[in-house]
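Scroll down for the structure; my scribbles are underneath it.
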Amino acid sequence: MAQAFTPGLKVTQETIVKKKRILPLKGEVLVKEGDKVSYDQVVAKTDLPGNVIPVNIANQLGVAANEVRECMMKKEGDKVEKGEKVALYKSFFGLFKNYSISPITGTIENISDVTGQVLLREPPIPIEVRAYIDGVVTETFPQEGCQVETMGAFIQGIFGLSGERSGEIAVVVSHPKEELTADLIKAEHKGKIVVGGSLIRLDAIKKAKQMGVSAVVVGGVDDKDLRALLGYDIGVAITGHEKIGFTLIATEGFGEMYMAQRTFELLKANEGKWASVNGATQIRAGVMRPEIIIPVDKAFDKNKGAEEEGRGLQVGDPIRIIREPLFGELGTITEMVPALHKMESETMVRVFRVKLSNGEERIVPRANVERIEVK
Amino acid sequence: MGDKKEMKTIIATDCGSTTTKAILVEKVDGEYRLISRGEAPTTVEAPFEDVTKGVLNAINEIEDLSDRSFITGNLLKKERKNDKEGMDIYVSTSSAGGGLQMMVAGVVKSMTGESAQRAALGAGAIVMDVIATNDGRLPHQRIEKIRNLRPDMILLAGGVDGGTTTHIAELAEIISAADPRPRLGIGYKLPLIYAGNSAQKARDIVQETIGEKMALEIIDNIRPTLEQENLGPARHKIHNLFMEHVMQQAPGYKKLMSWTDAPIMPTPGAVGSMIETVANERNIAVVGVDIGGATTDVFSVFESENEKGDIEKVFNRTVSANLGMSYSISNVFAEAGLDHVMRWMPIHMDEKKLRNIVKNKMIRPTTIPETLESLVFEQSIAREALRLAFEHHKSLAVGLKGVQQQRTISDAFEQTESGQSLVDMMELNMIIGSGGVLSHAPRRHQSAYMLIDAFLPEGITTLTVDSIFMMPQLGVLAQVNKEAATQVFERDCLIYLGTCIAPVGRGKAGRPVMEVIVEHPLDKEAFIKRAKEESPHFPVVEDMTGHVIRKMMNYGEMYRIPLDLDETAKVTVKPVKGFDVGNGPGKELTVNVSGGTTGIIFDARGRRPFTIPAGDKERVQKLLEWAAVMEAYDVEALKKYISE
């Protein structure tokens with residue numbers, strides 16, 4: 001059967017969610033296979049080597065590079081305190097003494113006879129990796145981390161800002177077409193994941209920050225408002241490190257976009273439940289979409305693989321149109337037209353015949369639709 | 001390798017950052033021709049995380065379109081059974097997963113730093129940063145920068161042979177202290193190529209400092225003397241390490257490598273080798289561009305004087321890592337600025353809407369413009385991406401810096417610094433455009449129009465475009481079967497758009513710039529007949545007597561005369577005082593030019609500077625006028641958007 005491959009976003013009521021929790025460099029794994037973990041539990045930790053500060057001792061003491069070692073009062077591997085003398089040069093039969101002072105607290109890493117530089121390393125920076133979701137450790141990777149799995153609802157957004165957070169879901173609009181306005185965000189939403197409808201504007205974004213919400217999940221957001229929020233233009237779509245005080249997830253795109261009915265219903269059905277969210281988005285080189293994970297405490301077969309991934313689009317599949325002029329419209333594929341079709345832009349493309357939700361039939365480029373998961 | 005068996009059926013793929021493109025090439029009646037092409041989204045990323053899936057999907061599209069069979073299960077049919085089944089060889093290029101990302105280091109930024117950068121770029125890499133002892137950063141800032149970058153490999157250069165060892169030691173110490181981690185794969189040693197001062201002492205220092213932490217490779221110095229650049233060994237080593245280390249870490253590449261009959265090349269390396277071949281075989285100066293989803297590569301081949309005083313062809317490649325039409329489209333918008341993009345738009349759009357359109361394209365990079373409005377907007381952004389990438393290229397494609405120049409007293413009034421840009425637009429003979437937005441433009445005229453606006457060619461320049469964006473595949477195919485690659489390139493890949501004739505000079509709107517006299521192969525009667533048959537592609541040209549068209553062109557005008565690919569016309573240009581079309585200011589020039597899909601384009605919009613009217617109304621009027629001359633868009637349909 002003919003298929004067309006178009007990536008889509010996952011919106012699933014119940015699935016096995018697997019999350020690899022990996023350290024940035026080798027360290028210690030604190031959990032073992034089978035352990036039940038909570039979202040805020042540290043599962044692995046390591047020490048990131050501290051920053052390196054080079055000090056040109058040869059210049060400071062006015063000696064040749066190959067004389068530096070003789071002048072050193074400390075050797076490689078020795079600990080030093082900030083302000084401590086680390087090298088001494090005596091001249092004029094010891095009458096004049098020149099010292100080099102350590103600018104940091106740390107250790108002597110290297111003494112170079114060629115450049116006359118001494119490298120001082122600051123103390124290690126501890127790094128901890130948390131479980132992020134409530135679940136079970138199903139695999140450990142020695143010195144690297146582990147895999148946490150859970151059964152739960154899984155919703156992918158299209159674009160997000162800021163990183164991992166968690167909280168209780170609070171749906172504050174009554175309809176996916178309703179805008180999330182500032183007056184809907186209240187003090188009681190502190191620490192919660194606030195779900196809106198079609199759009200959030202700058203004043204409401206500011207209110208969310210002010211009220212200390214954990215996250216905002218909404219259909220669309222204007223890029224102009226994001227620029228005002230961040231103070232800069234997002235050039236390349238790699239996000240997750242923004243310090244905006246909460247996590248922002250747009251499920252549909254930029255501009256006013258009705259949240260997909262299914263996404264809204266799924267969030268509504270889980271109102272009051274605890275969820276983990278991550279706004280990190282990376283569209284290039286290792287695509288990463290923002291996500292909302294709502295674990296359910298339910299046994300599952302860890303050997304069961306993830307459900308069928310990446311099946312192509314077929315006749316009968318429900319889709320969403322993701323490019324103007326019908327951006328956001330939902331429909332069903334009625335025919336996979338094999339011949340190339342000329343669009344208004346005169347582009348010759350492969351197309352689908354799609355029946356829109358209002359019953360109208362339209363021809364749409366295959367590249368401009370995405371599948372909606374209906375599990 | 002496959003060159004011993006007869007190669008009748010060839011499949012070649014290019015795994016790009018957005019899409020994987022496959023072509024089917026076959027020997028038909030003794031000649032290699034392109035038979036079919038297919039494409040599918042690249043599958044390096046989750047949920048697929050296996051590049052071969054995208055490859056199979058793209059080849060599957062060829063199967064559908066050509067009624068052939070090349071796949072069995074999840075494997076390629078590597079044995080050709082008959083005319084319907086199997087292939088003789090399979091080759092591939094790749095820039096998926098962000099391509100090859102490198103960091104380079106040199107002692108002096110504008111000397112060995114630049115040479116190292118050129119070596120990495122020439123090998124097809126994206127250069128993430130150039131570390132140098134005089135880069136204006138403090139040592140701890142350099143260390144921090146290296147730690148934060150996650151390159152695929154590092155190239156360390158510095159010092160001429162027998163020169164500095166101290167500065168090399170300093171760089172080595174900094175890299176060692178930073179201990180950068182590779183982008184892909186945990187726990188494997190990051191490759192470091194040392195291509196600096198070849199004195200044993202320098203090499204020993206590098207070995208001692210870095211040898212244990214990284215996978216060190218020592219090769220010949222890329223700058224043995226100030227006057228000499230030796231990039232070959234470094235490029236070769238980068239290619240090898242790319243295959244041995246980096247590719248092994250990317251999802252699905254081990255499998256892909258076991259399928260290919262020749263080493264997988266980085267996409268830009270393959271395109272570069274095609275462009276270099278064109279320049280050398282035809283003995284011309286060429287600028288090539290490949291505008292992708294994430295990056296834009298610019299290639300150039302110009303003549304330059306070497307250290308012995310001989311004229312040689314110099315190849316340069318640059319990559320603008322964050323200029324592209326999908327993943328990087330938002331960055332083009334941010335870098336160029338709203339005004340620069342909007343100056344190409346004959347349709348008004350408000351800022352909020354524009355910003356959202358750009359971002360929606362960025363987050364859903366594989367969508368294509370369905371409406372004319374979207375198309376015009378994307379092509380406006382493409383002009384800016386190309387312009388910015390070309391500016392970047394001109395600043396890097398320079399002569400060697402730090403070289404002492406011998407000057408005579410006659411040069412005293414014409415002092416030129418070393419390290420001038422090698423790109424001379426007046427010397428340029430041909431522009432080759434490639435990449436989705438140029439190759440797949442609905443009208444070829446649009447590609448010609450975009451190339452002219454973005455590159456602003458001067459004098460007489462042939463415009464060409466890669467027909468369906470297949471130079472990468474042909475570049476890698478040339479490694480195993482040069483005959484097949486050349487034949488397909490000539491017959492099916494390179495599309496001649498036409499010739500652009502543009503005088504350099506400043507002027508005032510409406511004032512004369514040049515008189516053009518064209519001796520056309522068709523006489524007036526035949527011309528009018530064809531104009532009627534092929535309107536509007538073939539416009540009625542006034543001022544024609546017999547075979548001769550005469551036209552006085554004013555500043556700010558464009559003029560197009562259709563001329564088919566197999567036709568040539570004798571063109572005489574008489575520029576007014578102050579305008580130069582190649583023979584000097586005000587000097588007449590007569591040349592024979594060949595045609596193409598768009599014909600001969602006369603551009604009297606001025607150069608140095610090129611200007612577009614500042615006022616909104618005037619600008620839109622001019623853009624519509626030029627679009628009509630270029631027959632780039634359906635102007636009536638555009639007007640409909642304007643009135644809305």
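Ordering of the structure tokens sets the chain letters (A, B, ...); residue numbers start at 1 within each chain; ligands are numbered from 1 in the order shown.
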Closest pair table for chain B residues within 8 Å of chain A, only C-alpha atoms, as a Markdown table:
| residue | atom | partner | partner_atom | distance |
| --- | --- | --- | --- | --- |
| B:Ser17 | CA | A:Arg284 | CA | 7.5 |
| B:Ala40 | CA | A:Phe5 | CA | 6.9 |
| B:Pro41 | CA | A:Phe5 | CA | 7.1 |
| B:Val44 | CA | A:Gly286 | CA | 7.2 |
| B:Glu45 | CA | A:Gly286 | CA | 4.8 |
| B:Ala46 | CA | A:Val287 | CA | 6.4 |
| B:Pro47 | CA | A:Glu309 | CA | 6.5 |
| B:Phe48 | CA | A:Gly310 | CA | 6.7 |
| B:Asn57 | CA | A:Phe5 | CA | 7.9 |
| B:Ala96 | CA | A:Ala285 | CA | 7.3 |
| B:Gly97 | CA | A:Ala285 | CA | 4.1 |
| B:Gly98 | CA | A:Ala285 | CA | 5.2 |
| B:Pro139 | CA | A:Pro54 | CA | 6.5 |
| B:His140 | CA | A:Ile53 | CA | 5.4 |
| B:Ile143 | CA | A:Val52 | CA | 7.1 |
| B:Glu144 | CA | A:Asn51 | CA | 7.4 |
| B:Thr165 | CA | A:Val114 | CA | 7.9 |
| B:Thr166 | CA | A:Thr115 | CA | 5.5 |
| B:His167 | CA | A:Thr115 | CA | 7.4 |
| B:Ala169 | CA | A:Thr115 | CA | 6.6 |
| B:Glu170 | CA | A:Thr115 | CA | 6.1 |
| B:Ala177 | CA | A:Val52 | CA | 6.7 |
| B:Ala178 | CA | A:Val52 | CA | 7.5 |
| B:Ile186 | CA | A:Leu25 | CA | 7.4 |
| B:Gly187 | CA | A:Lys26 | CA | 8.0 |
| B:Ala294 | CA | A:Arg284 | CA | 7.8 |
| B:Asn322 | CA | A:Val236 | CA | 7.1 |
| B:Tyr327 | CA | A:Arg284 | CA | 6.4 |
| B:Ser328 | CA | A:Val236 | CA | 5.6 |
| B:Ile329 | CA | A:Gly235 | CA | 7.9 |
| B:Ser330 | CA | A:Gly235 | CA | 5.1 |
| B:Asn331 | CA | A:Gly235 | CA | 3.8 |
| B:Val332 | CA | A:Gly235 | CA | 7.6 |
| B:Phe333 | CA | A:Gly235 | CA | 7.9 |
| B:Ala334 | CA | A:Gly235 | CA | 6.2 |
| B:Lys352 | CA | A:Lys224 | CA | 6.1 |
| B:Lys353 | CA | A:Gly255 | CA | 7.6 |
| B:Arg355 | CA | A:Asp223 | CA | 5.9 |
| B:Asn356 | CA | A:Phe254 | CA | 5.1 |
| B:Ile357 | CA | A:Phe254 | CA | 7.6 |
| B:Lys359 | CA | A:Phe254 | CA | 6.6 |
| B:Asn360 | CA | A:Phe254 | CA | 5.9 |
| B:Met362 | CA | A:Ala237 | CA | 7.2 |
| B:Ile363 | CA | A:Ile283 | CA | 6.6 |
| B:Arg364 | CA | A:Ile322 | CA | 7.6 |
| B:Thr366 | CA | A:Ala367 | CA | 6.2 |
| B:Thr367 | CA | A:Asn368 | CA | 4.9 |
| B:Ile368 | CA | A:Ala367 | CA | 6.5 |
| B:Pro369 | CA | A:Ser345 | CA | 6.8 |
| B:Glu370 | CA | A:Ser345 | CA | 5.5 |
| B:Thr371 | CA | A:Ser345 | CA | 4.8 |
| B:Leu372 | CA | A:Ser345 | CA | 4.2 |
| B:Glu373 | CA | A:Ser345 | CA | 7.7 |
| B:Ser374 | CA | A:Ser345 | CA | 7.8 |
| B:Leu375 | CA | A:Ser345 | CA | 6.1 |
| B:His440 | CA | A:Thr347 | CA | 7.9 |
| B:Ala441 | CA | A:Thr347 | CA | 7.2 |
| B:Pro442 | CA | A:Thr347 | CA | 4.8 |
| B:Arg443 | CA | A:Glu346 | CA | 7.9 |
Export C-alpha atoms of the chosen residues as an mmCIF file, in the first residue's frame?
data_model
loop_
_atom_site.group_PDB
_atom_site.id
_atom_site.type_symbol
_atom_site.label_atom_id
_atom_site.label_comp_id
_atom_site.auth_asym_id
_atom_site.auth_seq_id
_atom_site.Cartn_x
_atom_site.Cartn_y
_atom_site.Cartn_z
ATOM 1 C CA SER B 17 19.932 17.843 6.803
ATOM 2 C CA ALA B 40 12.111 11.695 1.380
ATOM 3 C CA PRO B 41 12.691 13.308 4.764
ATOM 4 C CA VAL B 44 18.911 10.720 11.271
ATOM 5 C CA GLU B 45 16.793 12.000 14.084
ATOM 6 C CA ALA B 46 14.291 10.511 16.505
ATOM 7 C CA PRO B 47 12.032 8.604 16.209
ATOM 8 C CA PHE B 48 13.854 6.869 13.341
ATOM 9 C CA ASN B 57 12.255 5.878 1.268
ATOM 10 C CA ALA B 96 22.799 15.041 7.790
ATOM 11 C CA GLY B 97 22.985 15.506 11.519
ATOM 12 C CA GLY B 98 24.685 18.868 11.112
ATOM 13 C CA PRO B 139 43.304 32.315 27.719
ATOM 14 C CA HIS B 140 40.551 31.314 30.130
ATOM 15 C CA ILE B 143 39.349 27.457 27.237
ATOM 16 C CA GLU B 144 35.742 28.113 28.148
ATOM 17 C CA THR B 165 57.214 26.373 19.086
ATOM 18 C CA THR B 166 56.188 28.434 22.102
ATOM 19 C CA HIS B 167 52.893 29.555 20.623
ATOM 20 C CA ALA B 169 52.733 24.797 22.992
ATOM 21 C CA GLU B 170 50.416 27.516 24.305
ATOM 22 C CA ALA B 177 43.115 22.019 29.513
ATOM 23 C CA ALA B 178 39.723 22.462 27.892
ATOM 24 C CA ILE B 186 30.393 9.347 24.727
ATOM 25 C CA GLY B 187 33.784 7.984 25.690
ATOM 26 C CA ALA B 294 20.572 24.656 7.418
ATOM 27 C CA ASN B 322 23.388 29.393 10.056
ATOM 28 C CA TYR B 327 16.166 25.258 9.927
ATOM 29 C CA SER B 328 18.127 28.482 9.605
ATOM 30 C CA ILE B 329 15.494 30.664 7.942
ATOM 31 C CA SER B 330 14.833 32.508 11.161
ATOM 32 C CA ASN B 331 18.505 33.301 11.483
ATOM 33 C CA VAL B 332 18.617 34.754 7.961
ATOM 34 C CA PHE B 333 15.759 36.987 8.981
ATOM 35 C CA ALA B 334 17.530 37.980 12.213
ATOM 36 C CA LYS B 352 3.809 40.218 13.147
ATOM 37 C CA LYS B 353 2.561 38.035 10.300
ATOM 38 C CA ARG B 355 7.693 36.859 11.897
ATOM 39 C CA ASN B 356 5.174 34.091 12.479
ATOM 40 C CA ILE B 357 5.542 32.802 8.905
ATOM 41 C CA LYS B 359 9.137 30.828 12.605
ATOM 42 C CA ASN B 360 6.500 28.400 11.366
ATOM 43 C CA MET B 362 11.641 27.003 10.915
ATOM 44 C CA ILE B 363 9.701 24.609 13.131
ATOM 45 C CA ARG B 364 8.193 22.711 10.202
ATOM 46 C CA THR B 366 9.918 20.419 5.183
ATOM 47 C CA THR B 367 6.813 22.376 4.137
ATOM 48 C CA ILE B 368 6.699 24.029 0.719
ATOM 49 C CA PRO B 369 5.123 27.314 -0.417
ATOM 50 C CA GLU B 370 1.665 26.654 -1.767
ATOM 51 C CA THR B 371 0.583 30.246 -2.405
ATOM 52 C CA LEU B 372 2.297 32.838 -4.573
ATOM 53 C CA GLU B 373 2.621 35.094 -1.532
ATOM 54 C CA SER B 374 4.580 32.403 0.352
ATOM 55 C CA LEU B 375 6.781 31.758 -2.650
ATOM 56 C CA HIS B 440 13.165 23.770 -7.575
ATOM 57 C CA ALA B 441 11.941 27.311 -8.267
ATOM 58 C CA PRO B 442 8.708 26.893 -10.237
ATOM 59 C CA ARG B 443 10.095 29.089 -13.017
#
Hey, what does DSSP flag as strand (DSSP E or B) within segment 140-338 of chain A? Can you give it to me as a ChimeraX atom specification? /A:140-141,145-156,159-161,164-171,180,193-195,199-200,215-221,238,247-254,274-278,282,288,291-296,313,318-321,330-338
Close residues, segment 187-199 of chain A itself excluded, 8 Å, only C-alpha atoms, min 2 positions apart in chain, as an MDAnalysis selection string: chainID A and resid 166:173 175:180 185 201 211:222 255:259 264 267 275
Mind giving me the straight-line distance from atom CA of Val571 of chain B to atom CA of Tyr559 of chain B in Å, one decimal?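 Going from atom CA of Val571 of chain B over to atom CA of Tyr559 of chain B covers 13.5 Å.
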Could you list, as a PyMOL selection string, every residue within 10 Å of Glu128 of chain A, counting only C-alpha atoms and ignoring same-chain residues fewer than 4 positions away? chain A and resi 22-24+27-28+41-47
With distances taken over only C-alpha atoms, which residue among B:Ser320, B:Met103, B:Ser36, B:Ala123 lies nearest Asn148 of chain B? B:Met103
Contact residues around Val31 of chain A with only C-alpha atoms at 12 Å, ignoring same-chain residues under 3 positions, as a list of chain:residue names: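 Near neighbours after the sequence-gap exclusion: A:Arg21, A:Glu28, A:Gly34, A:Asp35, A:Lys36, A:Val37, A:Ser38, A:Gln41, A:Val42, A:Val43, A:Ala44, A:Lys45, A:Val129, A:Arg130, A:Ala131, A:Val136, A:Val137, A:Thr138, A:Glu139, A:Thr140, A:Phe141, A:Pro142, A:Gln143, A:Glu144, A:Gly145, A:Cys146, A:Gln147, A:Val148.
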Export of prior selection with C-alpha atoms as a short mmCIF file (atom, residue, chain, number, x, y, z; two decimals), in the first residue's frame:
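Wrote again37.cif, looks like this:
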data_model
loop_
_atom_site.label_atom_id
_atom_site.label_comp_id
_atom_site.auth_asym_id
_atom_site.auth_seq_id
_atom_site.Cartn_x
_atom_site.Cartn_y
_atom_site.Cartn_z
CA ARG A 21 19.07 10.24 31.80
CA GLU A 28 28.44 7.66 39.22
CA GLY A 34 14.11 -2.10 38.83
CA ASP A 35 14.30 0.90 41.18
CA LYS A 36 11.19 3.00 41.40
CA VAL A 37 12.14 6.67 41.11
CA SER A 38 10.36 9.99 41.52
CA GLN A 41 15.28 12.02 42.54
CA VAL A 42 18.97 12.25 41.64
CA VAL A 43 19.82 9.19 39.53
CA ALA A 44 23.39 9.99 38.54
CA LYS A 45 26.05 12.51 39.49
CA VAL A 129 20.91 14.30 36.79
CA ARG A 130 17.39 13.80 38.11
CA ALA A 131 14.86 11.18 37.06
CA VAL A 136 11.02 2.66 36.99
CA VAL A 137 14.69 2.31 36.10
CA THR A 138 14.72 -0.25 33.30
CA GLU A 139 18.35 -0.04 32.27
CA THR A 140 21.56 1.40 33.64
CA PHE A 141 24.58 2.50 31.65
CA PRO A 142 27.66 2.10 33.85
CA GLN A 143 29.18 5.48 34.73
CA GLU A 144 26.85 7.23 32.29
CA GLY A 145 23.27 7.14 33.56
CA CYS A 146 20.10 5.16 33.23
CA GLN A 147 16.81 4.78 31.43
CA VAL A 148 13.62 5.61 33.28
#
Could you name the residues that touch Lys201 of chain B at 10 Å or less, counting only C-alpha atoms, but leaving out those on the same chain fewer than 5 positions away, as a list in words?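 Answer for this query is Gly162, Thr165, Val206 and Gln207 of chain B.
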Using only C-alpha atoms, which residues sit within 12 Å of Ala614 of chain B once same-chain residues fewer than 4 positions away are excluded, as a PyMOL selection string? chain B and resi 339-340+342-344+618-623
Backbone-only DSSP, alpha helix (DSSP H) members of segment 180-230 of chain B, as a list of chain:residue names: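 So, restricting segment 180-230 of chain B to alpha helix (DSSP H), we get B:Gln200, B:Lys201, B:Ala202, B:Arg203, B:Asp204, B:Ile205, B:Val206, B:Gln207, B:Glu208, B:Thr209, B:Ile210.
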Put those residues in a file: N, CA and C atoms, as a CSV table (one decimal), in the first residue's frame.
chain,number,residue,atom,x,y,z
B,200,GLN,N,60.7,18.7,14.6
B,200,GLN,CA,60.4,17.6,15.6
B,200,GLN,C,60.1,18.1,17.0
B,201,LYS,N,60.7,19.2,17.4
B,201,LYS,CA,60.5,19.7,18.7
B,201,LYS,C,59.0,20.1,18.9
B,202,ALA,N,58.5,20.8,17.9
B,202,ALA,CA,57.1,21.2,17.9
B,202,ALA,C,56.2,20.0,18.0
B,203,ARG,N,56.5,19.0,17.2
B,203,ARG,CA,55.6,17.8,17.2
B,203,ARG,C,55.7,17.1,18.5
B,204,ASP,N,56.9,17.1,19.1
B,204,ASP,CA,57.0,16.4,20.4
B,204,ASP,C,56.2,17.1,21.4
B,205,ILE,N,56.2,18.4,21.4
B,205,ILE,CA,55.5,19.2,22.4
B,205,ILE,C,54.0,18.9,22.3
B,206,VAL,N,53.5,18.8,21.0
B,206,VAL,CA,52.1,18.5,20.8
B,206,VAL,C,51.8,17.1,21.3
B,207,GLN,N,52.6,16.2,21.0
B,207,GLN,CA,52.4,14.8,21.4
B,207,GLN,C,52.4,14.7,22.9
B,208,GLU,N,53.3,15.4,23.6
B,208,GLU,CA,53.4,15.3,25.0
B,208,GLU,C,52.1,15.9,25.7
B,209,THR,N,51.7,17.0,25.1
B,209,THR,CA,50.6,17.8,25.7
B,209,THR,C,49.3,17.2,25.5
B,210,ILE,N,49.0,16.7,24.3
B,210,ILE,CA,47.7,16.3,23.9
B,210,ILE,C,47.6,14.8,23.6
Go through B:Asn554, B:Ser447, B:Gln117, B:Ser69 one by one, measure the shortest atom-to-atom distance of each to Asp129 of chain B using only C-alpha atoms, and give the residue with the smallest value. B:Gln117
Which of these residues is nearest to Met345 of chain B, using only C-alpha atoms: B:Val28, B:Ser95, B:Ile35, B:Trp626?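 Closest to Met345 of chain B, using only C-alpha atoms: B:Trp626.
Atom pair atom CA of Gln487 of chain B / atom CA of Glu61 of chain B has a distance of 23.8 Å (rounded to one decimal).
Between Val271 of chain B and the residues B:Pro613, B:Pro191, B:Gly433, B:Gly113, the shortest atom-to-atom distance, using only C-alpha atoms, involves B:Gly433.
Of the residues listed (A:Ile133, A:Ile104, A:Ala58, A:Val351), A:Ile133 shows the shortest atom-to-atom separation from Val277 of chain A; distances use only C-alpha atoms.
Across the model, the gap from atom CA of Glu217 of chain B to atom CA of Thr93 of chain B is 24.4 Å.
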